[in-house]
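Undergrad: What follows is protein-v8.pdb; its format and atoms are PDB, C-alpha atoms.
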ATOM      1  CA  MET A   1      83.959  63.861-111.058
ATOM      2  CA  ALA A   2      86.115  65.790-108.595
ATOM      3  CA  HIS A   3      89.865  65.298-108.723
ATOM      4  CA  PRO A   4      91.325  63.295-105.776
ATOM      5  CA  ASP A   5      93.353  66.366-104.785
ATOM      6  CA  PHE A   6      90.061  68.190-104.242
ATOM      7  CA  TRP A   7      88.907  65.672-101.642
ATOM      8  CA  MET A   8      92.362  65.501-100.040
ATOM      9  CA  SER A   9      92.332  69.266 -99.702
ATOM     10  CA  TRP A  10      88.976  69.251 -97.924
ATOM     11  CA  ALA A  11      90.062  66.363 -95.711
ATOM     12  CA  GLY A  12      93.148  68.375 -94.793
ATOM     13  CA  ILE A  13      90.967  71.330 -93.814
ATOM     14  CA  PHE A  14      88.814  69.239 -91.467
ATOM     15  CA  PHE A  15      91.856  67.499 -89.982
ATOM     16  CA  GLY A  16      93.607  70.832 -89.386
ATOM     17  CA  CYS A  17      90.490  72.208 -87.675
ATOM     18  CA  ALA A  18      90.363  69.166 -85.368
ATOM     19  CA  VAL A  19      94.062  69.515 -84.476
ATOM     20  CA  MET A  20      93.639  73.203 -83.734
ATOM     21  CA  ALA A  21      90.539  72.580 -81.585
ATOM     22  CA  ALA A  22      92.411  69.922 -79.604
ATOM     23  CA  GLY A  23      95.214  72.380 -78.875
ATOM     24  CA  PHE A  24      92.747  74.791 -77.324
ATOM     25  CA  VAL A  25      90.638  72.251 -75.449
ATOM     26  CA  PHE A  26      93.476  70.291 -73.831
ATOM     27  CA  PHE A  27      96.268  72.846 -73.379
ATOM     28  CA  ILE A  28      95.011  76.436 -73.620
ATOM     29  CA  ASN A  29      91.402  76.940 -72.503
ATOM     30  CA  PRO A  30      91.648  75.210 -69.089
ATOM     31  CA  TYR A  31      94.498  77.481 -67.996
ATOM     32  CA  ASN A  32      93.099  80.821 -69.202
ATOM     33  CA  ILE A  33      96.025  81.357 -71.531
ATOM     34  CA  VAL A  34      95.041  83.934 -74.150
ATOM     35  CA  PRO A  35      96.893  83.256 -77.414
ATOM     36  CA  GLY A  36      95.370  86.242 -79.179
ATOM     37  CA  GLY A  37      92.826  86.195 -81.964
ATOM     38  CA  VAL A  38      89.172  85.255 -81.883
ATOM     39  CA  TYR A  39      89.583  82.325 -79.530
ATOM     40  CA  GLY A  40      91.819  84.304 -77.188
ATOM     41  CA  ALA A  41      89.073  86.902 -76.882
ATOM     42  CA  SER A  42      86.563  84.072 -76.514
ATOM     43  CA  ILE A  43      88.519  82.639 -73.560
ATOM     44  CA  VAL A  44      88.354  86.028 -71.853
ATOM     45  CA  LEU A  45      84.609  86.305 -72.462
ATOM     46  CA  HIS A  46      84.019  82.749 -71.222
ATOM     47  CA  ASN A  47      85.467  83.803 -67.874
ATOM     48  CA  LEU A  48      82.839  86.532 -67.726
ATOM     49  CA  PHE A  49      79.991  84.341 -69.026
ATOM     50  CA  PRO A  50      80.868  80.727 -68.098
ATOM     51  CA  SER A  51      77.614  79.287 -69.424
ATOM     52  CA  ILE A  52      78.662  80.205 -72.974
ATOM     53  CA  GLN A  53      81.456  78.022 -74.331
ATOM     54  CA  VAL A  54      84.617  79.303 -76.007
ATOM     55  CA  GLY A  55      83.592  77.829 -79.352
ATOM     56  CA  THR A  56      80.236  79.598 -79.199
ATOM     57  CA  PHE A  57      81.920  82.942 -78.663
ATOM     58  CA  GLY A  58      84.061  82.026 -81.651
ATOM     59  CA  TYR A  59      80.933  81.896 -83.801
ATOM     60  CA  MET A  60      79.941  85.357 -82.565
ATOM     61  CA  PHE A  61      83.228  86.828 -83.712
ATOM     62  CA  ASP A  62      83.595  84.854 -86.915
ATOM     63  CA  ILE A  63      80.299  85.702 -88.615
ATOM     64  CA  PRO A  64      81.136  89.359 -89.416
ATOM     65  CA  LEU A  65      84.696  88.403 -90.265
ATOM     66  CA  LEU A  66      83.461  85.718 -92.657
ATOM     67  CA  VAL A  67      81.458  88.369 -94.487
ATOM     68  CA  LEU A  68      84.641  90.391 -94.885
ATOM     69  CA  SER A  69      86.441  87.280 -96.075
ATOM     70  CA  VAL A  70      83.936  86.691 -98.856
ATOM     71  CA  LEU A  71      83.911  90.344 -99.886
ATOM     72  CA  LEU A  72      87.638  91.060 -99.723
ATOM     73  CA  LEU A  73      89.375  87.713-100.255
ATOM     74  CA  GLY A  74      87.244  86.177-102.978
ATOM     75  CA  SER A  75      84.332  83.733-103.110
ATOM     76  CA  LYS A  76      86.458  80.593-103.603
ATOM     77  CA  LEU A  77      88.596  81.240-100.557
ATOM     78  CA  GLY A  78      85.512  82.465 -98.752
ATOM     79  CA  ALA A  79      83.748  79.106 -99.179
ATOM     80  CA  ARG A  80      86.666  77.216 -97.654
ATOM     81  CA  THR A  81      87.020  79.788 -94.911
ATOM     82  CA  ILE A  82      83.334  79.545 -94.036
ATOM     83  CA  VAL A  83      83.564  75.767 -93.650
ATOM     84  CA  ALA A  84      86.791  75.885 -91.634
ATOM     85  CA  ALA A  85      85.647  78.735 -89.414
ATOM     86  CA  LEU A  86      82.332  77.025 -88.625
ATOM     87  CA  THR A  87      83.942  73.620 -88.138
ATOM     88  CA  THR A  88      86.615  74.652 -85.632
ATOM     89  CA  PRO A  89      84.309  76.035 -82.900
ATOM     90  CA  PHE A  90      81.879  73.142 -83.438
ATOM     91  CA  ILE A  91      84.638  70.574 -82.877
ATOM     92  CA  MET A  92      85.887  72.609 -79.932
ATOM     93  CA  ASN A  93      82.476  72.598 -78.244
ATOM     94  CA  VAL A  94      81.881  68.892 -78.919
ATOM     95  CA  MET A  95      85.358  67.976 -77.721
ATOM     96  CA  SER A  96      84.986  70.088 -74.573
ATOM     97  CA  ALA A  97      81.656  68.484 -73.709
ATOM     98  CA  ALA A  98      83.206  65.039 -74.165
ATOM     99  CA  VAL A  99      86.279  65.526 -71.949
ATOM    100  CA  TYR A 100      84.573  67.141 -68.923
ATOM    101  CA  PRO A 101      82.346  64.922 -66.731
ATOM    102  CA  THR A 102      79.736  67.497 -65.698
ATOM    103  CA  GLN A 103      78.244  70.775 -66.869
ATOM    104  CA  GLU A 104      79.801  72.478 -63.852
ATOM    105  CA  ALA A 105      83.279  71.267 -64.794
ATOM    106  CA  LEU A 106      82.638  72.267 -68.415
ATOM    107  CA  GLU A 107      81.646  75.798 -67.463
ATOM    108  CA  ALA A 108      84.648  76.124 -65.144
ATOM    109  CA  LEU A 109      87.001  74.462 -67.661
ATOM    110  CA  ASP A 110      88.519  72.850 -64.589
ATOM    111  CA  PRO A 111      91.842  71.197 -65.565
ATOM    112  CA  THR A 112      91.683  68.893 -62.525
ATOM    113  CA  ARG A 113      88.597  67.276 -64.038
ATOM    114  CA  LEU A 114      89.789  67.218 -67.638
ATOM    115  CA  LEU A 115      89.769  63.533 -68.623
ATOM    116  CA  GLY A 116      89.487  62.678 -64.953
ATOM    117  CA  GLY A 117      92.540  64.774 -64.074
ATOM    118  CA  MET A 118      94.838  62.769 -66.371
ATOM    119  CA  MET A 119      95.933  65.910 -68.249
ATOM    120  CA  ASP A 120      96.092  68.419 -65.402
ATOM    121  CA  MET A 121      99.114  70.630 -66.151
ATOM    122  CA  THR A 122      98.368  73.416 -63.685
ATOM    123  CA  ASP A 123     101.896  73.151 -62.274
ATOM    124  CA  HIS A 124     103.468  73.205 -65.738
ATOM    125  CA  LEU A 125     102.063  76.327 -67.399
ATOM    126  CA  MET A 126     105.158  76.952 -69.507
ATOM    127  CA  LEU A 127     105.001  73.427 -70.912
ATOM    128  CA  THR A 128     101.282  73.546 -71.610
ATOM    129  CA  SER A 129     101.682  76.957 -73.294
ATOM    130  CA  ILE A 130     104.374  75.619 -75.629
ATOM    131  CA  ILE A 131     102.590  72.338 -76.377
ATOM    132  CA  GLY A 132      99.251  74.048 -76.938
ATOM    133  CA  ALA A 133     100.742  76.724 -79.195
ATOM    134  CA  THR A 134     102.603  74.088 -81.190
ATOM    135  CA  VAL A 135      99.477  71.991 -81.722
ATOM    136  CA  ILE A 136      97.434  75.057 -82.672
ATOM    137  CA  GLY A 137     100.141  76.244 -85.079
ATOM    138  CA  ILE A 138     100.251  72.827 -86.743
ATOM    139  CA  GLY A 139      96.460  72.831 -87.143
ATOM    140  CA  GLN A 140      96.413  76.345 -88.565
ATOM    141  CA  GLY A 141      99.266  75.525 -90.914
ATOM    142  CA  ILE A 142      97.474  72.443 -92.275
ATOM    143  CA  VAL A 143      94.359  74.500 -92.929
ATOM    144  CA  VAL A 144      96.262  77.348 -94.609
ATOM    145  CA  ARG A 145      98.265  74.908 -96.751
ATOM    146  CA  ASN A 146      94.919  73.765 -98.136
ATOM    147  CA  LYS A 147      94.090  77.338 -99.141
ATOM    148  CA  ALA A 148      91.651  78.051 -96.334
ATOM    149  CA  THR A 149      91.745  79.848 -93.008
ATOM    150  CA  THR A 150      90.269  79.033 -89.622
ATOM    151  CA  GLY A 151      88.677  82.454 -89.440
ATOM    152  CA  GLY A 152      89.166  85.146 -86.831
ATOM    153  CA  SER A 153      92.647  86.614 -86.734
ATOM    154  CA  ASP A 154      93.530  84.511 -89.804
ATOM    155  CA  ILE A 155      91.033  86.534 -91.828
ATOM    156  CA  VAL A 156      92.293  89.832 -90.423
ATOM    157  CA  ALA A 157      95.893  88.778 -91.143
ATOM    158  CA  MET A 158      95.055  87.743 -94.707
ATOM    159  CA  ILE A 159      93.352  91.094 -95.310
ATOM    160  CA  ILE A 160      96.417  92.882 -93.909
ATOM    161  CA  GLN A 161      98.654  90.722 -96.116
ATOM    162  CA  LYS A 162      96.644  91.467 -99.235
ATOM    163  CA  TYR A 163      96.177  95.200 -98.770
ATOM    164  CA  CYS A 164      99.178  96.210 -96.618
ATOM    165  CA  HIS A 165     101.709  93.754 -98.121
ATOM    166  CA  ILE A 166     102.762  92.378 -94.728
ATOM    167  CA  ARG A 167     103.752  88.715 -94.489
ATOM    168  CA  PHE A 168     101.000  86.423 -93.209
ATOM    169  CA  SER A 169     102.794  85.096 -90.112
ATOM    170  CA  LYS A 170     103.887  88.630 -89.167
ATOM    171  CA  ALA A 171     100.326  89.890 -89.532
ATOM    172  CA  ILE A 172      99.080  87.025 -87.335
ATOM    173  CA  LEU A 173     101.641  87.977 -84.694
ATOM    174  CA  MET A 174     100.585  91.644 -84.796
ATOM    175  CA  VAL A 175      96.866  90.898 -84.514
ATOM    176  CA  ASP A 176      97.233  88.319 -81.760
ATOM    177  CA  ALA A 177      99.611  90.464 -79.703
ATOM    178  CA  ALA A 178      97.143  93.360 -79.925
ATOM    179  CA  VAL A 179      94.354  91.117 -78.621
ATOM    180  CA  VAL A 180      96.453  89.965 -75.663
ATOM    181  CA  LEU A 181      97.464  93.513 -74.748
ATOM    182  CA  PHE A 182      93.863  94.682 -75.063
ATOM    183  CA  GLY A 183      92.675  91.840 -72.824
ATOM    184  CA  LEU A 184      95.349  92.616 -70.247
ATOM    185  CA  ALA A 185      94.523  96.336 -70.174
ATOM    186  CA  VAL A 186      90.720  96.006 -70.104
ATOM    187  CA  ILE A 187      89.806  92.910 -68.110
ATOM    188  CA  GLY A 188      93.079  91.386 -66.959
ATOM    189  CA  PHE A 189      92.423  88.248 -69.003
ATOM    190  CA  GLY A 190      89.310  87.503 -66.935
ATOM    191  CA  ILE A 191      91.211  85.543 -64.268
ATOM    192  CA  GLY A 192      92.440  86.362 -60.776
ATOM    193  CA  SER A 193      91.558  89.444 -58.736
ATOM    194  CA  ALA A 194      92.973  91.740 -56.122
ATOM    195  CA  ASP A 195      91.917  89.207 -53.491
ATOM    196  CA  ASP A 196      93.509  86.284 -55.317
ATOM    197  CA  ALA A 197      97.264  86.677 -55.167
ATOM    198  CA  SER A 198      97.844  83.030 -56.033
ATOM    199  CA  GLY A 199      97.162  83.499 -59.697
ATOM    200  CA  PRO A 200      97.693  87.122 -60.820
ATOM    201  CA  SER A 201      96.597  87.666 -64.398
ATOM    202  CA  TRP A 202      99.788  89.459 -65.387
ATOM    203  CA  HIS A 203     101.684  86.224 -64.832
ATOM    204  CA  LEU A 204      99.493  84.408 -67.319
ATOM    205  CA  SER A 205      99.986  87.222 -69.831
ATOM    206  CA  PHE A 206     103.624  86.172 -70.228
ATOM    207  CA  TYR A 207     102.566  82.614 -71.034
ATOM    208  CA  SER A 208     100.076  84.036 -73.517
ATOM    209  CA  LEU A 209     102.783  86.005 -75.316
ATOM    210  CA  ILE A 210     105.011  82.922 -75.398
ATOM    211  CA  ALA A 211     102.123  80.942 -76.892
ATOM    212  CA  ILE A 212     101.647  83.584 -79.601
ATOM    213  CA  LEU A 213     105.324  83.547 -80.567
ATOM    214  CA  VAL A 214     105.512  79.748 -80.665
ATOM    215  CA  CYS A 215     102.284  79.461 -82.666
ATOM    216  CA  SER A 216     103.485  82.047 -85.191
ATOM    217  CA  ARG A 217     106.767  80.241 -85.813
ATOM    218  CA  VAL A 218     105.180  76.785 -86.011
ATOM    219  CA  LEU A 219     102.578  78.120 -88.460
ATOM    220  CA  ALA A 220     105.299  79.543 -90.712
ATOM    221  CA  TYR A 221     107.310  76.308 -90.494
ATOM    222  CA  VAL A 222     104.333  74.093 -91.391
ATOM    223  CA  ILE A 223     103.488  76.210 -94.431
ATOM    224  CA  ASN A 224     106.962  77.045 -95.722
ATOM    225  CA  GLY A 225     109.246  74.399 -94.243
ATOM    226  CA  ALA A 226     112.636  74.863 -92.635
ATOM    227  CA  LYS A 227     114.037  77.255 -95.273
ATOM    228  CA  ASP A 228     117.556  75.889 -95.024
ATOM    229  CA  ASP A 229     118.575  76.241 -98.685
ATOM    230  CA  LYS A 230     121.980  77.761 -99.427
ATOM    231  CA  LEU A 231     123.203  79.957-102.287
ATOM    232  CA  LEU A 232     126.771  79.438-103.529
ATOM    233  CA  PHE A 233     128.909  81.665-105.736
ATOM    234  CA  VAL A 234     132.027  79.857-106.948
ATOM    235  CA  ILE A 235     134.729  81.865-108.748
ATOM    236  CA  SER A 236     137.750  80.143-110.256
ATOM    237  CA  ASP A 237     140.637  80.855-112.631
ATOM    238  CA  THR A 238     140.373  77.325-114.034
ATOM    239  CA  ASP A 239     137.845  75.418-116.123
ATOM    240  CA  MET A 240     135.839  73.449-113.548
ATOM    241  CA  LYS A 241     134.444  70.720-115.817
ATOM    242  CA  GLU A 242     134.617  68.153-113.027
ATOM    243  CA  LEU A 243     132.530  70.398-110.770
ATOM    244  CA  HIS A 244     129.991  70.816-113.583
ATOM    245  CA  ARG A 245     129.684  67.043-113.870
ATOM    246  CA  PHE A 246     129.321  66.682-110.101
ATOM    247  CA  ILE A 247     126.481  69.224-109.990
ATOM    248  CA  LEU A 248     124.620  67.740-112.956
ATOM    249  CA  LYS A 249     125.154  64.033-112.320
ATOM    250  CA  ASP A 250     125.790  63.491-108.613
ATOM    251  CA  LEU A 251     123.580  66.257-107.200
ATOM    252  CA  ASP A 252     121.063  66.053-110.062
ATOM    253  CA  ARG A 253     120.857  69.854-110.039
ATOM    254  CA  SER A 254     121.840  72.648-112.363
ATOM    255  CA  ALA A 255     123.695  75.926-112.033
ATOM    256  CA  THR A 256     124.217  79.151-113.939
ATOM    257  CA  HIS A 257     127.572  79.816-115.601
ATOM    258  CA  ILE A 258     128.431  83.522-115.575
ATOM    259  CA  LYS A 259     131.288  85.047-117.558
ATOM    260  CA  SER A 260     133.333  87.281-115.297
ATOM    261  CA  SER A 261     136.742  88.870-114.887
ATOM    262  CA  GLY A 262     138.902  89.888-111.979
ATOM    263  CA  LEU A 263     138.678  93.594-111.165
ATOM    264  CA  TYR A 264     142.370  93.810-110.246
ATOM    265  CA  THR A 265     143.935  91.431-112.786
ATOM    266  CA  GLY A 266     141.419  91.785-115.590
ATOM    267  CA  ASN A 267     141.797  88.043-116.246
ATOM    268  CA  ASP A 268     138.810  85.980-117.362
ATOM    269  CA  LYS A 269     137.269  83.855-114.623
ATOM    270  CA  GLU A 270     134.524  81.273-114.349
ATOM    271  CA  MET A 271     131.708  81.969-111.902
ATOM    272  CA  LEU A 272     128.969  79.471-110.982
ATOM    273  CA  PHE A 273     125.718  80.416-109.300
ATOM    274  CA  LEU A 274     123.850  77.510-107.682
ATOM    275  CA  VAL A 275     121.314  76.768-104.939
ATOM    276  CA  VAL A 276     121.556  73.578-102.881
ATOM    277  CA  SER A 277     120.008  72.228 -99.721
ATOM    278  CA  GLN A 278     121.759  72.516 -96.372
ATOM    279  CA  LYS A 279     122.809  68.855 -96.395
ATOM    280  CA  GLU A 280     124.447  69.227 -99.827
ATOM    281  CA  VAL A 281     126.697  72.156 -98.925
ATOM    282  CA  THR A 282     129.508  70.074 -97.413
ATOM    283  CA  ALA A 283     129.705  67.784-100.446
ATOM    284  CA  VAL A 284     129.825  70.770-102.818
ATOM    285  CA  LYS A 285     132.592  72.488-100.841
ATOM    286  CA  SER A 286     134.610  69.272-100.743
ATOM    287  CA  LYS A 287     134.302  68.912-104.527
ATOM    288  CA  ILE A 288     135.298  72.534-105.081
ATOM    289  CA  LYS A 289     138.446  72.020-102.998
ATOM    290  CA  GLU A 290     139.246  68.920-105.021
ATOM    291  CA  VAL A 291     138.783  70.720-108.369
ATOM    292  CA  ASP A 292     140.355  74.069-107.438
ATOM    293  CA  PRO A 293     141.682  74.598-103.881
ATOM    294  CA  ARG A 294     142.208  78.295-104.666
ATOM    295  CA  ALA A 295     138.601  78.945-105.738
ATOM    296  CA  PHE A 296     136.768  81.866-104.143
ATOM    297  CA  VAL A 297     133.483  80.582-102.604
ATOM    298  CA  VAL A 298     130.616  82.488-101.030
ATOM    299  CA  VAL A 299     127.871  80.595 -99.154
ATOM    300  CA  THR A 300     124.800  82.440 -97.923
ATOM    301  CA  ASP A 301     121.258  81.672 -96.770
ATOM    302  CA  VAL A 302     118.393  81.624 -99.260
ATOM    303  CA  TYR A 303     115.124  83.248 -98.222
ATOM    304  CA  ASP A 304     113.014  81.472-100.847
ATOM    305  CA  THR A 305     113.645  79.489-104.032
ATOM    306  CA  TYR A 306     111.250  79.192-106.973
ATOM    307  CA  GLY A 307     111.625  77.376-110.270
ATOM    308  CA  GLU A 308     112.123  73.876-111.636
ATOM    309  CA  GLY A 309     113.128  71.488-108.872
ATOM    310  CA  TRP A 310     112.007  73.961-106.208
ATOM    311  CA  LYS A 311     108.712  75.674-105.380
ATOM    312  CA  GLN A 312     106.297  77.082-107.953
ATOM    313  CA  LEU A 313     105.907  80.825-108.110
ATOM    314  CA  PRO A 314     102.831  81.881-106.108
ATOM    315  CA  SER A 315      99.644  82.917-107.835
ATOM    316  CA  ALA A 316      98.031  86.289-107.237
ATOM    317  CA  GLY A 317      96.306  86.322-103.861
ATOM    318  CA  GLU A 318      97.946  83.095-102.687
ATOM    319  CA  ILE A 319      98.793  82.946 -98.996
ATOM    320  CA  GLN A 320     102.438  83.798 -98.328
ATOM    321  CA  PRO A 321     103.144  83.272 -94.599
ATOM    322  CA  GLU A 322     106.822  84.198 -94.872
TER     323      GLU A 322
END
Let me see whether you can do it: turn the structure in this file into structure tokens.
TA:
Amino acid sequence: MAHPDFWMSWAGIFFGCAVMAAGFVFFINPYNIVPGGVYGASIVLHNLFPSIQVGTFGYMFDIPLLVLSVLLLGSKLGARTIVAALTTPFIMNVMSAAVYPTQEALEALDPTRLLGGMMDMTDHLMLTSIIGATVIGIGQGIVVRNKATTGGSDIVAMIIQKYCHIRFSKAILMVDAAVVLFGLAVIGFGIGSADDASGPSWHLSFYSLIAILVCSRVLAYVINGAKDDKLLFVISDTDMKELHRFILKDLDRSATHIKSSGLYTGNDKEMLFLVVSQKEVTAVKSKIKEVDPRAFVVVTDVYDTYGEGWKQLPSAGEIQPE
């Protein structure tokens, strides 16, 4: 019998796909914003061939990329990727058909007819770009946290991460930015024309780039969290037993005691090395001042923390977005 975590993981994948699809359907597709990747290219192609939906174009891109996923990223990850990549465009197409009243409105992706005009944000493109990118980033992050990918640029980014040793979120940003620039240079994002000065495509390209940046940061945040841990070095001439007790008992953490000596005086000193969360820093500094007001203290940001009480070290091939 499968472990409950197995079913929770698959449920998370489907939920993340639905969230991501909703971000496109309600906030991105109707306004011809091109947030890079497979679905950004699909939005461009839908403008050229309106009878074919964005999700359907997604299938056309994803199939060869799924083959690469299975071959280069492993069969286990490939199975999850196949499901996620096939689920996202399906939900997108079903959702699109449900929120537009007619086939004509569906083909035009007319925002004035989306849910009867209740969600028309034509006059608020900056807001819809940010909201859409945030929703998409959350959906992608949920999927990736469950050791899958939604396909498309995710697959390309994971291949780049594995073979070029570039962080996942950075690879996503590179791939998506390249797609937007390619779309701008070749077909002008498929919207506007020389005779339509009211909506020049180069204006929408800025919203597209904003969407890419927001999505990249939200994706990294969902997977890795806020990353607000702090590293403290505390050097003192005195025996800081009371600080030791505070760290062990009050904070319920540990620290490393390092024997050291002053370079100028040559006197023995006590140095503590500890990692705490952002909210614990003030309490630690207050305790240090109480124990030894003359202590030398260094506080710096921590990029990542692994070990007991923190995150587990990643396995080989595990997704590392930051």
Undergrad: Would you kindly return, as a PyMOL selection string, each protein, DNA or RNA residue with an atom no farther than 9 Å from any atom of Val218 (chain A), considering only C-alpha atoms and excluding same-chain residues fewer than 6 positions away?
TA: chain A and resi 133-138+141
Undergrad: Keeping C-alpha atoms for every residue in the selection just given, could you write it to a file as a short mmCIF file (atom, residue, chain, number, x, y, z; two decimals), in the coordinates of the input?
TA:
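out12.cif was written with the following content:
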data_model
loop_
_atom_site.label_atom_id
_atom_site.label_comp_id
_atom_site.auth_asym_id
_atom_site.auth_seq_id
_atom_site.Cartn_x
_atom_site.Cartn_y
_atom_site.Cartn_z
CA ALA A 133 100.74 76.72 -79.19
CA THR A 134 102.60 74.09 -81.19
CA VAL A 135 99.48 71.99 -81.72
CA ILE A 136 97.43 75.06 -82.67
CA GLY A 137 100.14 76.24 -85.08
CA ILE A 138 100.25 72.83 -86.74
CA GLY A 141 99.27 75.53 -90.91
#
Undergrad: Can you tell me how far CA of Met158 (chain A) sits from CA of Val144 (chain A), in Å to one decimal?
TA: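 That distance, rounded to one decimal, is 10.5 Å.
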Undergrad: Please report the interatomic distance between CA of Val70 (chain A) and CA of Ile159 (chain A) in Å with one decimal.
TA: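 Computing it gives 11.0 Å between the two atoms.
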Undergrad: Work out how far CA of Glu270 (chain A) is from CA of Arg253 (chain A), in Å to one decimal.
TA: 18.3 Å
Undergrad: Dump as CSV the rows for residues of region 266-300 of chain A within 7 Å of region 219-239 of chain A: closest atom pair and distance in Å with one decimal, all atoms listed in the file counted, ordered by chain and rising residue number.
TA:
residue,atom,partner,partner_atom,distance
A:Lys269,CA,A:Asp237,CA,4.9
A:Glu270,CA,A:Ser236,CA,5.3
A:Met271,CA,A:Ile235,CA,4.4
A:Leu272,CA,A:Val234,CA,5.1
A:Phe273,CA,A:Phe233,CA,4.9
A:Leu274,CA,A:Leu232,CA,5.4
A:Val275,CA,A:Leu231,CA,4.6
A:Val276,CA,A:Lys230,CA,5.4
A:Ser277,CA,A:Asp229,CA,4.4
A:Gln278,CA,A:Asp229,CA,5.4
A:Ala295,CA,A:Ser236,CA,4.8
A:Phe296,CA,A:Ile235,CA,5.0
A:Val297,CA,A:Val234,CA,4.6
A:Val298,CA,A:Phe233,CA,5.1
A:Val299,CA,A:Leu232,CA,4.7
A:Thr300,CA,A:Leu231,CA,5.3
Undergrad: Given all atoms listed in the file, how would the per-residue table for region 77-167 of chain A near region 13-29 of chain A read, listing every residue at most 10 Å away with its closest atom pair and distance in Å to one decimal, sorted by chain and number, as CSV?
TA:
residue,atom,partner,partner_atom,distance
A:Arg80,CA,A:Ile13,CA,8.2
A:Thr81,CA,A:Ile13,CA,9.4
A:Val83,CA,A:Ile13,CA,8.6
A:Ala84,CA,A:Cys17,CA,6.5
A:Ala85,CA,A:Cys17,CA,8.3
A:Leu86,CA,A:Cys17,CA,9.5
A:Thr87,CA,A:Cys17,CA,6.7
A:Thr88,CA,A:Cys17,CA,5.0
A:Pro89,CA,A:Ala21,CA,7.2
A:Phe90,CA,A:Ala21,CA,8.9
A:Ile91,CA,A:Ala21,CA,6.4
A:Met92,CA,A:Ala21,CA,4.9
A:Asn93,CA,A:Val25,CA,8.6
A:Val94,CA,A:Ala21,CA,9.8
A:Met95,CA,A:Val25,CA,7.2
A:Ser96,CA,A:Val25,CA,6.1
A:Ala97,CA,A:Val25,CA,9.9
A:Val99,CA,A:Val25,CA,8.7
A:Leu109,CA,A:Asn29,CA,7.0
A:Asp110,CA,A:Asn29,CA,9.4
A:Pro111,CA,A:Phe26,CA,8.5
A:Leu114,CA,A:Phe26,CA,7.8
A:Leu115,CA,A:Phe26,CA,9.3
A:Met119,CA,A:Phe26,CA,7.5
A:Asp120,CA,A:Phe26,CA,9.0
A:Met121,CA,A:Phe27,CA,8.1
A:Thr122,CA,A:Phe27,CA,9.9
A:Leu125,CA,A:Phe27,CA,9.0
A:Leu127,CA,A:Phe27,CA,9.1
A:Thr128,CA,A:Phe27,CA,5.4
A:Ser129,CA,A:Ile28,CA,6.7
A:Ile130,CA,A:Phe27,CA,8.9
A:Ile131,CA,A:Phe27,CA,7.0
A:Gly132,CA,A:Gly23,CA,4.8
A:Ala133,CA,A:Gly23,CA,7.0
A:Thr134,CA,A:Gly23,CA,7.9
A:Val135,CA,A:Gly23,CA,5.1
A:Ile136,CA,A:Met20,CA,4.4
A:Gly137,CA,A:Met20,CA,7.3
A:Ile138,CA,A:Met20,CA,7.3
A:Gly139,CA,A:Gly16,CA,4.1
A:Gln140,CA,A:Gly16,CA,6.2
A:Gly141,CA,A:Gly16,CA,7.5
A:Ile142,CA,A:Gly16,CA,5.1
A:Val143,CA,A:Ile13,CA,4.7
A:Val144,CA,A:Ile13,CA,8.1
A:Arg145,CA,A:Ile13,CA,8.6
A:Asn146,CA,A:Ile13,CA,6.3
A:Lys147,CA,A:Ile13,CA,8.6
A:Ala148,CA,A:Ile13,CA,7.2
A:Thr149,CA,A:Ile13,CA,8.6
A:Thr150,CA,A:Cys17,CA,7.1
Undergrad: Calculated over all atoms listed in the file, which of the candidates A:Leu209, A:Ile288, A:Val38, A:Val44 has the smallest distance to Gly58 (chain A)?
TA: A:Val38
Undergrad: Return the single residue from A:Phe206, A:Ser216, A:Lys285, A:Asp250 that is closest to Arg167 (chain A), with distances computed using all atoms listed in the file.
TA: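 Comparing A:Phe206, A:Ser216, A:Lys285, A:Asp250 against Arg167 (chain A), the winner is A:Ser216.
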Undergrad: From the set A:Tyr100, A:His203, A:Leu106, A:Thr256, which residue has the shortest atom-to-atom contact distance to Met118 (chain A), counting all atoms listed in the file?
TA: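 Between A:Tyr100, A:His203, A:Leu106, A:Thr256, the residue approaching Met118 (chain A) most closely is A:Tyr100.
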Undergrad: Centre and edge lengths, as lines of an AutoDock Vina configuration file, for the axis-aligned box enclosing every listed atom of region 221-239 of chain A with 3 Å of padding on each of the six sides, in Å to one decimal?
TA:
center_x = 122.1
center_y = 78.0
center_z = -103.3
size_x = 43.1
size_y = 13.8
size_z = 31.6
Undergrad: Within 12 Å of Ile155 (chain A), counting all atoms listed in the file, which residues show up once you throw out same-chain ones fewer than 4 positions away? Write them as a ChimeraX atom specification, please.
TA: /A:37-38,61-74,77-78,80-82,84-85,140,144,148-151,159-162,168-169,171-172,175-176,319
Undergrad: With distances taken over only C-alpha atoms, which of A:Ala41, A:Asp252, A:Tyr207, A:Phe246 is nearest to Ser286 (chain A)?
TA: A:Phe246
Undergrad: With a distance cut-off of 9 Å and only C-alpha atoms, select the neighbouring residues of Leu243 (chain A), excluding the residue or stretch itself and same-chain residues fewer than 3 positions from it, and output the selection as a tab-separated table (two decimals) with C-alpha atoms, in the frame of the given file.
TA:
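The resulting out-v2.tsv:
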chain	number	residue	atom	x	y	z
A	240	MET	CA	135.84	73.45	-113.55
A	246	PHE	CA	129.32	66.68	-110.10
A	247	ILE	CA	126.48	69.22	-109.99
A	248	LEU	CA	124.62	67.74	-112.96
A	284	VAL	CA	129.82	70.77	-102.82
A	287	LYS	CA	134.30	68.91	-104.53
A	288	ILE	CA	135.30	72.53	-105.08
A	290	GLU	CA	139.25	68.92	-105.02
A	291	VAL	CA	138.78	70.72	-108.37
Undergrad: Could you list, as a PyMOL selection string, every residue matched by the PyMOL selection byres ((chain A and resi 35) around 7) in this structure?
TA: chain A and resi 33-34+36-37+40+176+180+208-209+211-212
